[in-house]
Structure formats: C-alpha cells, structure tokens
>>> print(open('data18.txt').read())   # compact mmCIF, C-alpha atoms
# COMPACT_ATOMS: atom_id res chain seq x y z
CA MET P 1 73.76 -5.03 41.40
CA SER P 2 73.75 -7.62 44.18
CA GLU P 3 76.94 -8.94 45.73
CA ASN P 4 76.92 -12.35 44.10
CA GLU P 5 76.88 -10.92 40.60
CA VAL P 6 80.18 -10.57 38.83
CA PRO P 7 79.99 -8.20 35.91
CA SER P 8 82.03 -9.16 32.91
CA GLN P 9 82.62 -6.94 29.96
CA LEU P 10 81.55 -7.63 26.43
CA GLU P 11 83.90 -10.15 24.94
CA GLU P 12 84.65 -10.73 21.28
CA ILE P 13 83.80 -14.18 19.92
CA PRO P 14 86.52 -15.65 17.68
CA GLU P 15 85.46 -16.14 14.06
CA VAL P 16 85.72 -19.92 14.22
CA GLU P 17 83.27 -19.91 17.11
CA CYS P 18 80.98 -17.48 15.28
CA ARG P 19 80.81 -19.96 12.42
CA HIS P 20 79.99 -22.73 14.86
CA LEU P 21 77.12 -20.68 16.30
CA LEU P 22 75.87 -19.93 12.79
CA ALA P 23 75.89 -23.66 12.03
CA LEU P 24 73.88 -24.45 15.15
CA HIS P 25 71.04 -22.01 14.51
CA ARG P 26 68.32 -21.65 11.92
CA LEU P 27 66.70 -18.25 12.48
CA GLY P 28 68.37 -14.91 11.90
CA ARG P 29 67.73 -11.43 10.59
CA LEU P 30 68.84 -9.90 7.33
CA ALA P 31 69.41 -6.17 6.89
CA VAL P 32 69.25 -4.76 3.38
CA VAL P 33 69.54 -1.17 2.25
CA VAL P 34 66.59 0.02 0.18
CA GLU P 35 67.36 3.34 -1.50
CA GLY P 36 69.52 4.38 1.43
CA HIS P 37 67.09 3.14 4.08
CA PRO P 38 67.91 -0.02 6.02
CA GLN P 39 65.26 -2.67 6.55
CA ILE P 40 65.37 -5.85 8.69
CA PHE P 41 63.73 -9.20 7.94
CA PRO P 42 63.68 -12.34 10.07
CA LEU P 43 64.33 -15.49 8.08
CA ASN P 44 65.36 -19.11 8.29
CA TYR P 45 68.74 -19.97 6.88
CA ALA P 46 71.29 -22.71 6.48
CA LEU P 47 75.06 -22.51 6.43
CA ASP P 48 77.60 -24.29 4.36
CA ASP P 49 81.33 -23.74 4.56
CA ARG P 50 81.19 -20.52 2.63
CA LEU P 51 77.65 -19.17 2.44
CA ILE P 52 74.60 -18.12 4.44
CA VAL P 53 71.74 -19.53 2.36
CA PHE P 54 68.03 -18.76 2.47
CA ARG P 55 64.95 -18.88 0.29
CA THR P 56 62.61 -16.05 -0.52
CA ALA P 57 59.66 -15.03 -2.65
CA PRO P 58 59.54 -11.96 -4.91
CA GLY P 59 59.66 -8.88 -2.70
CA THR P 60 62.04 -6.45 -1.02
CA LYS P 61 64.76 -8.99 -0.24
CA LEU P 62 64.82 -10.38 -3.76
CA THR P 63 64.77 -6.92 -5.31
CA PHE P 64 67.38 -5.21 -3.17
CA ALA P 65 69.69 -7.85 -1.68
CA PRO P 66 71.39 -9.39 -4.75
CA MET P 67 74.71 -7.80 -5.63
CA SER P 68 74.39 -5.50 -2.62
CA ARG P 69 75.97 -5.21 0.79
CA VAL P 70 73.87 -6.86 3.48
CA ALA P 71 74.19 -7.85 7.13
CA PHE P 72 72.92 -11.02 8.73
CA GLU P 73 72.64 -11.44 12.48
CA ILE P 74 71.79 -14.12 15.04
CA ASP P 75 71.63 -13.70 18.78
CA ASP P 76 70.41 -15.34 21.94
CA TYR P 77 69.95 -14.51 25.59
CA ASP P 78 69.85 -16.98 28.46
CA PRO P 79 68.13 -15.48 31.52
CA SER P 80 69.42 -18.28 33.78
CA ILE P 81 72.99 -17.01 33.48
CA ARG P 82 72.04 -13.50 32.38
CA GLY P 83 74.26 -14.15 29.40
CA GLY P 84 73.84 -13.23 25.77
CA TRP P 85 75.67 -13.27 22.50
CA SER P 86 75.30 -12.06 18.95
CA VAL P 87 77.02 -12.88 15.68
CA MET P 88 76.96 -10.59 12.66
CA VAL P 89 77.89 -11.53 9.12
CA GLN P 90 78.62 -8.74 6.70
CA GLY P 91 78.87 -9.46 3.03
CA VAL P 92 77.38 -9.34 -0.42
CA ALA P 93 74.21 -11.18 -1.32
CA GLU P 94 73.63 -12.94 -4.59
CA GLU P 95 70.82 -14.92 -6.14
CA ILE P 96 71.89 -18.51 -6.78
CA THR P 97 68.54 -19.90 -7.95
CA GLY P 98 69.84 -20.74 -11.39
CA ALA P 99 73.58 -20.64 -10.79
CA LEU P 100 75.40 -23.62 -12.28
CA ASP P 101 78.63 -23.47 -10.30
CA ARG P 102 79.32 -26.31 -7.86
CA ILE P 103 79.12 -24.12 -4.77
CA SER P 104 75.66 -22.83 -5.68
CA GLU P 105 74.44 -26.28 -6.62
CA ALA P 106 75.57 -27.62 -3.26
CA ALA P 107 74.03 -24.65 -1.44
CA ARG P 108 70.63 -25.34 -3.02
CA LYS P 109 70.67 -28.80 -1.48
CA LEU P 110 70.91 -27.42 2.04
CA PRO P 111 67.90 -28.01 4.29
CA VAL P 112 66.54 -24.46 4.37
CA SER P 113 63.09 -24.70 5.92
CA PRO P 114 61.24 -21.39 6.17
CA LEU P 115 58.86 -21.38 9.12
CA ALA P 116 56.60 -18.84 7.43
CA PRO P 117 54.07 -20.04 4.86
CA GLY P 118 54.19 -19.27 1.18
CA GLN P 119 56.22 -20.27 -1.85
CA ARG P 120 59.88 -19.29 -1.60
CA GLU P 121 61.42 -20.44 -4.81
CA HIS P 122 64.30 -18.04 -5.03
CA TRP P 123 67.58 -18.96 -3.38
CA LEU P 124 69.77 -16.19 -2.03
CA ALA P 125 73.24 -16.54 -0.56
CA VAL P 126 75.39 -14.18 1.45
CA ARG P 127 79.11 -14.47 0.90
CA PRO P 128 80.69 -13.26 4.14
CA THR P 129 83.41 -10.68 4.02
CA ARG P 130 83.44 -10.23 7.80
CA ILE P 131 82.10 -12.33 10.67
CA THR P 132 82.12 -10.86 14.16
CA GLY P 133 80.54 -11.76 17.46
CA ARG P 134 80.18 -10.57 21.01
CA ARG P 135 79.05 -12.14 24.22
CA PHE P 136 78.60 -11.27 27.85
CA ARG P 137 77.65 -13.03 31.03
CA LEU P 138 76.56 -11.54 34.31
CA ALA P 139 77.22 -14.71 36.22
CA ALA P 140 75.43 -15.26 39.51
CA GLY P 141 77.54 -18.04 40.91
CA GLY P 142 78.86 -20.83 38.67
CA GLU P 143 81.50 -20.16 36.10
CA GLN P 144 82.80 -16.64 36.30
CA GLN P 145 85.28 -14.60 34.34
CA MET V 146 52.49 -31.13 5.49
CA SER V 147 50.25 -33.37 7.57
CA GLU V 148 46.48 -33.32 7.30
CA ASN V 149 45.79 -31.49 10.54
CA GLU V 150 47.85 -28.48 9.58
CA VAL V 151 46.06 -25.55 8.02
CA PRO V 152 48.47 -23.22 6.28
CA SER V 153 47.68 -19.56 6.56
CA GLN V 154 49.37 -16.86 4.58
CA LEU V 155 51.41 -14.03 5.97
CA GLU V 156 49.09 -11.43 7.38
CA GLU V 157 49.81 -7.76 7.93
CA ILE V 158 49.64 -6.51 11.52
CA PRO V 159 47.79 -3.19 11.89
CA GLU V 160 49.98 -0.32 13.12
CA VAL V 161 48.10 0.04 16.41
CA GLU V 162 48.84 -3.59 17.17
CA CYS V 163 52.48 -3.19 16.11
CA ARG V 164 52.78 -0.40 18.70
CA HIS V 165 51.24 -2.66 21.30
CA LEU V 166 53.79 -5.39 20.55
CA LEU V 167 56.60 -2.83 20.73
CA ALA V 168 55.33 -1.74 24.14
CA LEU V 169 55.27 -5.32 25.41
CA HIS V 170 58.85 -6.20 24.49
CA ARG V 171 62.29 -5.04 25.57
CA LEU V 172 64.77 -6.62 23.15
CA GLY V 173 65.09 -5.73 19.47
CA ARG V 174 67.64 -5.19 16.75
CA LEU V 175 68.78 -1.95 15.20
CA ALA V 176 70.09 -1.70 11.65
CA VAL V 177 72.30 1.23 10.76
CA VAL V 178 74.07 2.00 7.52
CA VAL V 179 77.82 2.48 7.89
CA GLU V 180 79.30 3.98 4.75
CA GLY V 181 76.78 2.14 2.61
CA HIS V 182 77.08 -1.14 4.51
CA PRO V 183 74.25 -2.21 6.83
CA GLN V 184 75.04 -3.51 10.30
CA ILE V 185 72.70 -5.06 12.89
CA PHE V 186 72.91 -4.74 16.68
CA PRO V 187 70.71 -6.35 19.33
CA LEU V 188 69.71 -3.94 22.08
CA ASN V 189 67.26 -3.31 24.89
CA TYR V 190 64.80 -0.52 24.35
CA ALA V 191 61.77 1.21 25.78
CA LEU V 192 58.87 2.81 23.98
CA ASP V 193 56.96 5.94 24.72
CA ASP V 194 54.12 7.29 22.62
CA ARG V 195 56.42 8.61 19.96
CA LEU V 196 59.90 7.14 20.25
CA ILE V 197 61.94 3.95 20.42
CA VAL V 198 64.51 4.78 23.10
CA PHE V 199 67.75 3.02 23.97
CA ARG V 200 71.09 3.69 25.59
CA THR V 201 74.51 3.14 24.12
CA ALA V 202 78.21 3.70 24.65
CA PRO V 203 80.54 5.36 22.15
CA GLY V 204 80.81 3.10 19.12
CA THR V 205 79.22 2.33 15.77
CA LYS V 206 75.64 3.04 16.82
CA LEU V 207 76.50 6.38 18.37
CA THR V 208 78.68 7.41 15.43
CA PHE V 209 76.39 6.40 12.59
CA ALA V 210 72.80 6.31 13.84
CA PRO V 211 72.08 9.94 14.79
CA MET V 212 70.47 11.98 12.03
CA SER V 213 70.42 8.90 9.80
CA ARG V 214 67.84 6.45 8.56
CA VAL V 215 67.68 3.32 10.68
CA ALA V 216 65.44 0.27 11.09
CA PHE V 217 64.45 -1.37 14.34
CA GLU V 218 62.90 -4.81 14.49
CA ILE V 219 61.37 -7.19 17.02
CA ASP V 220 60.07 -10.68 16.36
CA ASP V 221 58.99 -13.86 18.07
CA TYR V 222 58.15 -17.43 17.17
CA ASP V 223 55.96 -19.79 19.17
CA PRO V 224 56.65 -23.43 18.28
CA SER V 225 53.47 -24.61 20.02
CA ILE V 226 51.28 -22.97 17.38
CA ARG V 227 54.00 -22.76 14.75
CA GLY V 228 53.23 -19.07 14.63
CA GLY V 229 55.50 -16.09 14.34
CA TRP V 230 55.42 -12.36 13.90
CA SER V 231 57.74 -9.44 13.31
CA VAL V 232 57.42 -5.69 13.62
CA MET V 233 59.72 -3.24 11.86
CA VAL V 234 60.08 0.43 12.65
CA GLN V 235 61.71 2.63 10.05
CA GLY V 236 62.76 6.12 10.94
CA VAL V 237 65.47 8.57 11.80
CA ALA V 238 67.63 8.24 14.89
CA GLU V 239 68.73 11.13 17.02
CA GLU V 240 70.80 11.54 20.14
CA ILE V 241 68.70 12.94 22.98
CA THR V 242 71.29 12.74 25.76
CA GLY V 243 71.36 16.46 26.29
CA ALA V 244 68.16 17.52 24.56
CA LEU V 245 66.08 19.92 26.62
CA ASP V 246 62.70 19.49 24.92
CA ARG V 247 59.92 17.91 26.94
CA ILE V 248 59.68 14.80 24.78
CA SER V 249 63.38 14.01 25.16
CA GLU V 250 63.32 14.71 28.89
CA ALA V 251 60.41 12.31 29.28
CA ALA V 252 62.13 9.70 27.11
CA ARG V 253 65.23 9.76 29.31
CA LYS V 254 63.09 8.76 32.27
CA LEU V 255 61.97 5.54 30.59
CA PRO V 256 63.19 2.30 32.19
CA VAL V 257 65.73 1.28 29.56
CA SER V 258 67.73 -1.55 31.10
CA PRO V 259 70.50 -2.90 28.89
CA LEU V 260 71.17 -6.55 29.61
CA ALA V 261 74.75 -6.25 28.45
CA PRO V 262 77.35 -4.88 30.85
CA GLY V 263 79.14 -1.60 30.46
CA GLN V 264 78.38 2.10 30.77
CA ARG V 265 75.77 3.31 28.31
CA GLU V 266 75.43 6.98 28.99
CA HIS V 267 74.22 8.12 25.61
CA TRP V 268 70.51 8.12 24.90
CA LEU V 269 69.35 7.54 21.35
CA ALA V 270 65.81 7.71 20.04
CA VAL V 271 64.24 6.56 16.81
CA ARG V 272 61.38 8.66 15.56
CA PRO V 273 59.24 6.29 13.49
CA THR V 274 58.18 7.28 10.01
CA ARG V 275 56.76 3.84 9.25
CA ILE V 276 55.72 0.90 11.44
CA THR V 277 54.83 -2.39 9.77
CA GLY V 278 54.30 -5.93 10.95
CA ARG V 279 53.59 -9.40 9.68
CA ARG V 280 52.47 -12.61 11.29
CA PHE V 281 51.64 -16.15 10.35
CA ARG V 282 50.32 -19.21 12.04
CA LEU V 283 50.41 -22.80 10.85
CA ALA V 284 47.69 -23.90 13.22
CA ALA V 285 47.50 -27.59 14.14
CA GLY V 286 44.02 -27.71 15.62
CA GLY V 287 42.68 -24.88 17.77
CA GLU V 288 42.03 -21.47 16.30
CA GLN V 289 42.48 -21.45 12.58
CA GLN V 290 42.29 -18.84 9.89
>>> encode(input="data18.txt", output="structure tokens")
Amino acid sequence: MSENEVPSQLEEIPEVECRHLLALHRLGRLAVVVEGHPQIFPLNYALDDRLIVFRTAPGTKLTFAPMSRVAFEIDDYDPSIRGGWSVMVQGVAEEITGALDRISEAARKLPVSPLAPGQREHWLAVRPTRITGRRFRLAAGGEQQ
Amino acid sequence: MSENEVPSQLEEIPEVECRHLLALHRLGRLAVVVEGHPQIFPLNYALDDRLIVFRTAPGTKLTFAPMSRVAFEIDDYDPSIRGGWSVMVQGVAEEITGALDRISEAARKLPVSPLAPGQREHWLAVRPTRITGRRFRLAAGGEQQ
C-alpha cells in the first residue's frame, strides 16, 4: 500500500441511506433457495416505499420465490476512489400479479423495465424484513476518513 | 421498440465459455443459506481449473459457507449493444486455509485481491457441481442474431 492511501474499514450504511441507494438503482441480484440450494439471478427492479418489485416469466424465480425467504442485493465499485458499497435486502417474496390490495396495485404501476428480452408477465415483490449495507473507501487523496 | 432493434431471446452460454468468463473477471457475488435464509455478498475471487477461490475474515461467510451448498454469480451489461450475460456456479464451499492437498496449496497461491479493506486470512473455495450461463443482446445494427 503506497503512502498516500488511507485505509478505512468497512462501514455500515444506515438503513435510510440503503433505501436511497435502492431507489437510485435498477439492477440487482435475487437469491432464492431451491430445495436447499441457493441460486442467484440478476434482474431489473423498482422500489416503492415498502417493496422491491420485479417482473418475471415462468421459471425458477416464479416457482421458488413466492412465500419464501429471499435476498436481494445491489452493489457498486468506483475505481477512481477505490470505493465500493453493497446493500442487501432480506425478506419474503410474494407474487402480486393478481393481488387486489392497494399496495400491490400501486406496485404494478412502477416502471419496471427488464433489460433482458422475453415476456415477463408475472409481478413479484419482496417485502423487506431487514435492510443492511456496507461501504469502504481506500481514498488516495481527497476526502478521507 | 424501434424498428432498428432486433430482439433476441435469452441464449444459454456453453460451460466452456462460462469458465472463460469466470477466468476473465474478479468480482462476483456469493449466496449462502443462513438457517434457511439466503444472503448475498459481493467478493473478489480467482479461478483455477477446478475451484472458485476467495478470502474472507471471520463472519457469516466463514461460519455458514463451508461444507454447505452455495451459489456464486458474475454478470455484466453493455449499454452500447444493450447486451448482458450472467454466469452462475452452484456447488459446495470448503475452507482450504490449512488444507495440505496439492489442489488447495495451489489455490492459495492464486492472486486473490480483495478490494475491501481488512484482514482476510481465511481461504474458501467453491467446488462447482454445475456451471450455467445466459446472455442476450438487443442489437441495434451491427451483429444480429
């Protein structure tokens, strides 16, 4: 490590800031447990006050996520400041495609735009039970901790 | 969708090409199951012929990954071709910090360079049982499927 680098430890991101980061991004990864085995899928999502919302086609996510514990994660790394962060949402997924409650109806109006091709007519939502985040920065000059 | 966009479906990436992508990258995400609940962690890794190798400090990964089923995922998206891909490794993790077999000794010589600060003196390896990948490209001009 060169002399002008100040190592800082991993720092927890407050939940309110985690939610802000979730609102700013569109691409994350969902982990579901399939018969005891975790799997990870990248997907595009939207956030409302309460829910992580995404669309999917019939497949592993639709079969195994609803009514199950899942994790959703976003992260980023900026080489210019050698800084990175990640936010993880833990919670239970549910299918809201046909749900008539006001929260689900509002969630289905969110601008969820999958980058990948294909029909994705099923709406899934993750209701967070825990939102955590971490960040670090190995600052070379500039703002330092 | 505008006229000059040719939608292509999701395409499977052959395993040999998945391994090539894994060899080219350094940052991925690990999913572990903690008492039935999946969690996702970004981390830096290296690949040898057989193993995904990374370093960690005492914590959730070290407590829950060894001898358990995990998933490891890398992905990328290129806005210029509106194309993306992801590769997922499923397998069992093990701690190889003190393992004396030749494979583990070789794995511990890999250049695993965590971006995040902090001591990471424990070596973990994921032995793949399944490697899968998918890609898509919404080509606007140029090479099309």
>>> closest_residue(input="data18.txt", among="P:Arg19, P:Arg135, P:Glu121, P:His37", to="Ala210 in chain V", atoms="all atoms listed in the file")
P:His37
>>> closest_atom_pairs(input="data18.txt", of="range 60-139 of chain P", to="range 22-32 of chain P", cutoff="9 Å", atoms="only C-alpha atoms", output="Markdown table")
| residue | atom | partner | partner_atom | distance |
| --- | --- | --- | --- | --- |
| P:Thr60 | CA | P:Val32 | CA | 8.6 |
| P:Lys61 | CA | P:Val32 | CA | 7.2 |
| P:Phe64 | CA | P:Val32 | CA | 6.8 |
| P:Ala65 | CA | P:Val32 | CA | 5.9 |
| P:Ser68 | CA | P:Val32 | CA | 7.9 |
| P:Arg69 | CA | P:Val32 | CA | 7.2 |
| P:Val70 | CA | P:Val32 | CA | 5.1 |
| P:Ala71 | CA | P:Ala31 | CA | 5.1 |
| P:Phe72 | CA | P:Leu30 | CA | 4.5 |
| P:Glu73 | CA | P:Arg29 | CA | 5.3 |
| P:Ile74 | CA | P:Gly28 | CA | 4.7 |
| P:Asp75 | CA | P:Gly28 | CA | 7.7 |
| P:Val87 | CA | P:Leu22 | CA | 7.7 |
| P:Val112 | CA | P:Arg26 | CA | 8.3 |
| P:Ser113 | CA | P:Arg26 | CA | 8.5 |
| P:Pro114 | CA | P:Leu27 | CA | 8.9 |
>>> interface_residues(input="data18.txt", of="chain V", to="chain P", cutoff="8 Å", atoms="all atoms listed in the file", output="count of residues only")
33
>>> atom_distance(input="data18.txt", atom1="CA of Arg134 in chain P", atom2="CA of Glu239 in chain V")
24.9 Å
>>> atom_distance(input="data18.txt", atom1="CA of Gly133 in chain P", atom2="CA of Glu11 in chain P")
8.4 Å
>>> closest_residue(input="data18.txt", among="P:Pro111, P:Asp78, P:Glu95, P:Ile103", to="Arg50 in chain P", atoms="all atoms listed in the file")
P:Ile103
>>> residues_around(input="data18.txt", residues="Phe54 in chain P", least_positions_apart="5", cutoff="8 Å", atoms="only C-alpha atoms", output="list in words")
Leu43, Asn44, Tyr45, Ala46, Val112, Trp123, Leu124 and Ala125 of chain P
>>> atom_distance(input="data18.txt", atom1="CA of Ile241 in chain V", atom2="CA of His267 in chain V")
7.8 Å
>>> closest_residue(input="data18.txt", among="P:Leu110, P:Met67, P:Ala139, P:Glu17", to="Ile52 in chain P", atoms="all atoms listed in the file")
P:Leu110
>>> build_atoms(input="data18.txt", residues="range 60-71 of chain P", atoms="all heavy atoms", output="mmCIF file, keeping the file's coordinate frame")
data_model
loop_
_atom_site.group_PDB
_atom_site.id
_atom_site.type_symbol
_atom_site.label_atom_id
_atom_site.label_comp_id
_atom_site.auth_asym_id
_atom_site.auth_seq_id
_atom_site.Cartn_x
_atom_site.Cartn_y
_atom_site.Cartn_z
ATOM 1 N N THR P 60 60.945 -7.387 -1.301
ATOM 2 C CA THR P 60 62.040 -6.450 -1.020
ATOM 3 C C THR P 60 63.391 -7.148 -1.000
ATOM 4 O O THR P 60 64.372 -6.659 -1.569
ATOM 5 C CB THR P 60 61.788 -5.763 0.341
ATOM 6 O OG1 THR P 60 60.506 -5.135 0.294
ATOM 7 C CG2 THR P 60 62.845 -4.709 0.619
ATOM 8 N N LYS P 61 63.459 -8.305 -0.340
ATOM 9 C CA LYS P 61 64.760 -8.990 -0.240
ATOM 10 C C LYS P 61 65.281 -9.362 -1.624
ATOM 11 O O LYS P 61 66.448 -9.158 -1.939
ATOM 12 C CB LYS P 61 64.632 -10.243 0.637
ATOM 13 C CG LYS P 61 64.389 -9.954 2.108
ATOM 14 C CD LYS P 61 64.513 -11.194 2.968
ATOM 15 C CE LYS P 61 63.356 -12.150 2.828
ATOM 16 N NZ LYS P 61 62.065 -11.629 3.318
ATOM 17 N N LEU P 62 64.385 -9.920 -2.440
ATOM 18 C CA LEU P 62 64.820 -10.380 -3.760
ATOM 19 C C LEU P 62 65.189 -9.199 -4.660
ATOM 20 O O LEU P 62 66.082 -9.292 -5.505
ATOM 21 C CB LEU P 62 63.725 -11.223 -4.403
ATOM 22 C CG LEU P 62 64.111 -11.955 -5.685
ATOM 23 C CD1 LEU P 62 65.258 -12.931 -5.423
ATOM 24 C CD2 LEU P 62 62.908 -12.695 -6.273
ATOM 25 N N THR P 63 64.510 -8.084 -4.470
ATOM 26 C CA THR P 63 64.770 -6.920 -5.310
ATOM 27 C C THR P 63 66.062 -6.204 -4.909
ATOM 28 O O THR P 63 66.832 -5.758 -5.768
ATOM 29 C CB THR P 63 63.597 -5.925 -5.219
ATOM 30 O OG1 THR P 63 62.398 -6.609 -5.596
ATOM 31 C CG2 THR P 63 63.818 -4.726 -6.145
ATOM 32 N N PHE P 64 66.307 -6.106 -3.614
ATOM 33 C CA PHE P 64 67.380 -5.210 -3.170
ATOM 34 C C PHE P 64 68.622 -5.925 -2.619
ATOM 35 O O PHE P 64 69.661 -5.295 -2.474
ATOM 36 C CB PHE P 64 66.842 -4.229 -2.126
ATOM 37 C CG PHE P 64 65.892 -3.231 -2.709
ATOM 38 C CD1 PHE P 64 64.522 -3.431 -2.639
ATOM 39 C CD2 PHE P 64 66.370 -2.108 -3.374
ATOM 40 C CE1 PHE P 64 63.636 -2.518 -3.190
ATOM 41 C CE2 PHE P 64 65.496 -1.187 -3.930
ATOM 42 C CZ PHE P 64 64.121 -1.388 -3.848
ATOM 43 N N ALA P 65 68.517 -7.203 -2.272
ATOM 44 C CA ALA P 65 69.690 -7.850 -1.680
ATOM 45 C C ALA P 65 70.744 -8.258 -2.718
ATOM 46 O O ALA P 65 71.936 -8.020 -2.493
ATOM 47 C CB ALA P 65 69.258 -9.060 -0.840
ATOM 48 N N PRO P 66 70.349 -8.862 -3.848
ATOM 49 C CA PRO P 66 71.390 -9.390 -4.750
ATOM 50 C C PRO P 66 72.364 -8.315 -5.225
ATOM 51 O O PRO P 66 71.956 -7.217 -5.599
ATOM 52 C CB PRO P 66 70.582 -9.980 -5.900
ATOM 53 C CG PRO P 66 69.296 -10.389 -5.273
ATOM 54 C CD PRO P 66 69.009 -9.293 -4.279
ATOM 55 N N MET P 67 73.620 -8.666 -5.198
ATOM 56 C CA MET P 67 74.710 -7.800 -5.630
ATOM 57 C C MET P 67 74.863 -6.575 -4.738
ATOM 58 O O MET P 67 75.470 -5.575 -5.133
ATOM 59 C CB MET P 67 74.551 -7.373 -7.099
ATOM 60 C CG MET P 67 74.284 -8.526 -8.048
ATOM 61 S SD MET P 67 75.534 -9.830 -7.882
ATOM 62 C CE MET P 67 76.937 -9.034 -8.650
ATOM 63 N N SER P 68 74.299 -6.631 -3.549
ATOM 64 C CA SER P 68 74.390 -5.500 -2.620
ATOM 65 C C SER P 68 74.994 -5.942 -1.294
ATOM 66 O O SER P 68 74.984 -7.118 -0.951
ATOM 67 C CB SER P 68 72.997 -4.906 -2.368
ATOM 68 O OG SER P 68 72.446 -4.417 -3.563
ATOM 69 N N ARG P 69 75.458 -4.954 -0.549
ATOM 70 C CA ARG P 69 75.970 -5.210 0.790
ATOM 71 C C ARG P 69 74.803 -5.471 1.729
ATOM 72 O O ARG P 69 73.822 -4.728 1.737
ATOM 73 C CB ARG P 69 76.739 -3.981 1.305
ATOM 74 C CG ARG P 69 77.895 -3.561 0.433
ATOM 75 C CD ARG P 69 79.052 -4.511 0.483
ATOM 76 N NE ARG P 69 79.429 -4.837 1.847
ATOM 77 C CZ ARG P 69 80.615 -5.285 2.215
ATOM 78 N NH1 ARG P 69 81.564 -5.479 1.301
ATOM 79 N NH2 ARG P 69 80.878 -5.580 3.458
ATOM 80 N N VAL P 70 74.899 -6.526 2.511
ATOM 81 C CA VAL P 70 73.870 -6.860 3.480
ATOM 82 C C VAL P 70 74.537 -7.215 4.809
ATOM 83 O O VAL P 70 75.757 -7.395 4.884
ATOM 84 C CB VAL P 70 72.998 -8.055 3.012
ATOM 85 C CG1 VAL P 70 72.305 -7.741 1.688
ATOM 86 C CG2 VAL P 70 73.830 -9.323 2.908
ATOM 87 N N ALA P 71 73.721 -7.305 5.851
ATOM 88 C CA ALA P 71 74.190 -7.850 7.130
ATOM 89 C C ALA P 71 73.209 -8.932 7.557
ATOM 90 O O ALA P 71 72.007 -8.852 7.284
ATOM 91 C CB ALA P 71 74.272 -6.759 8.191
#
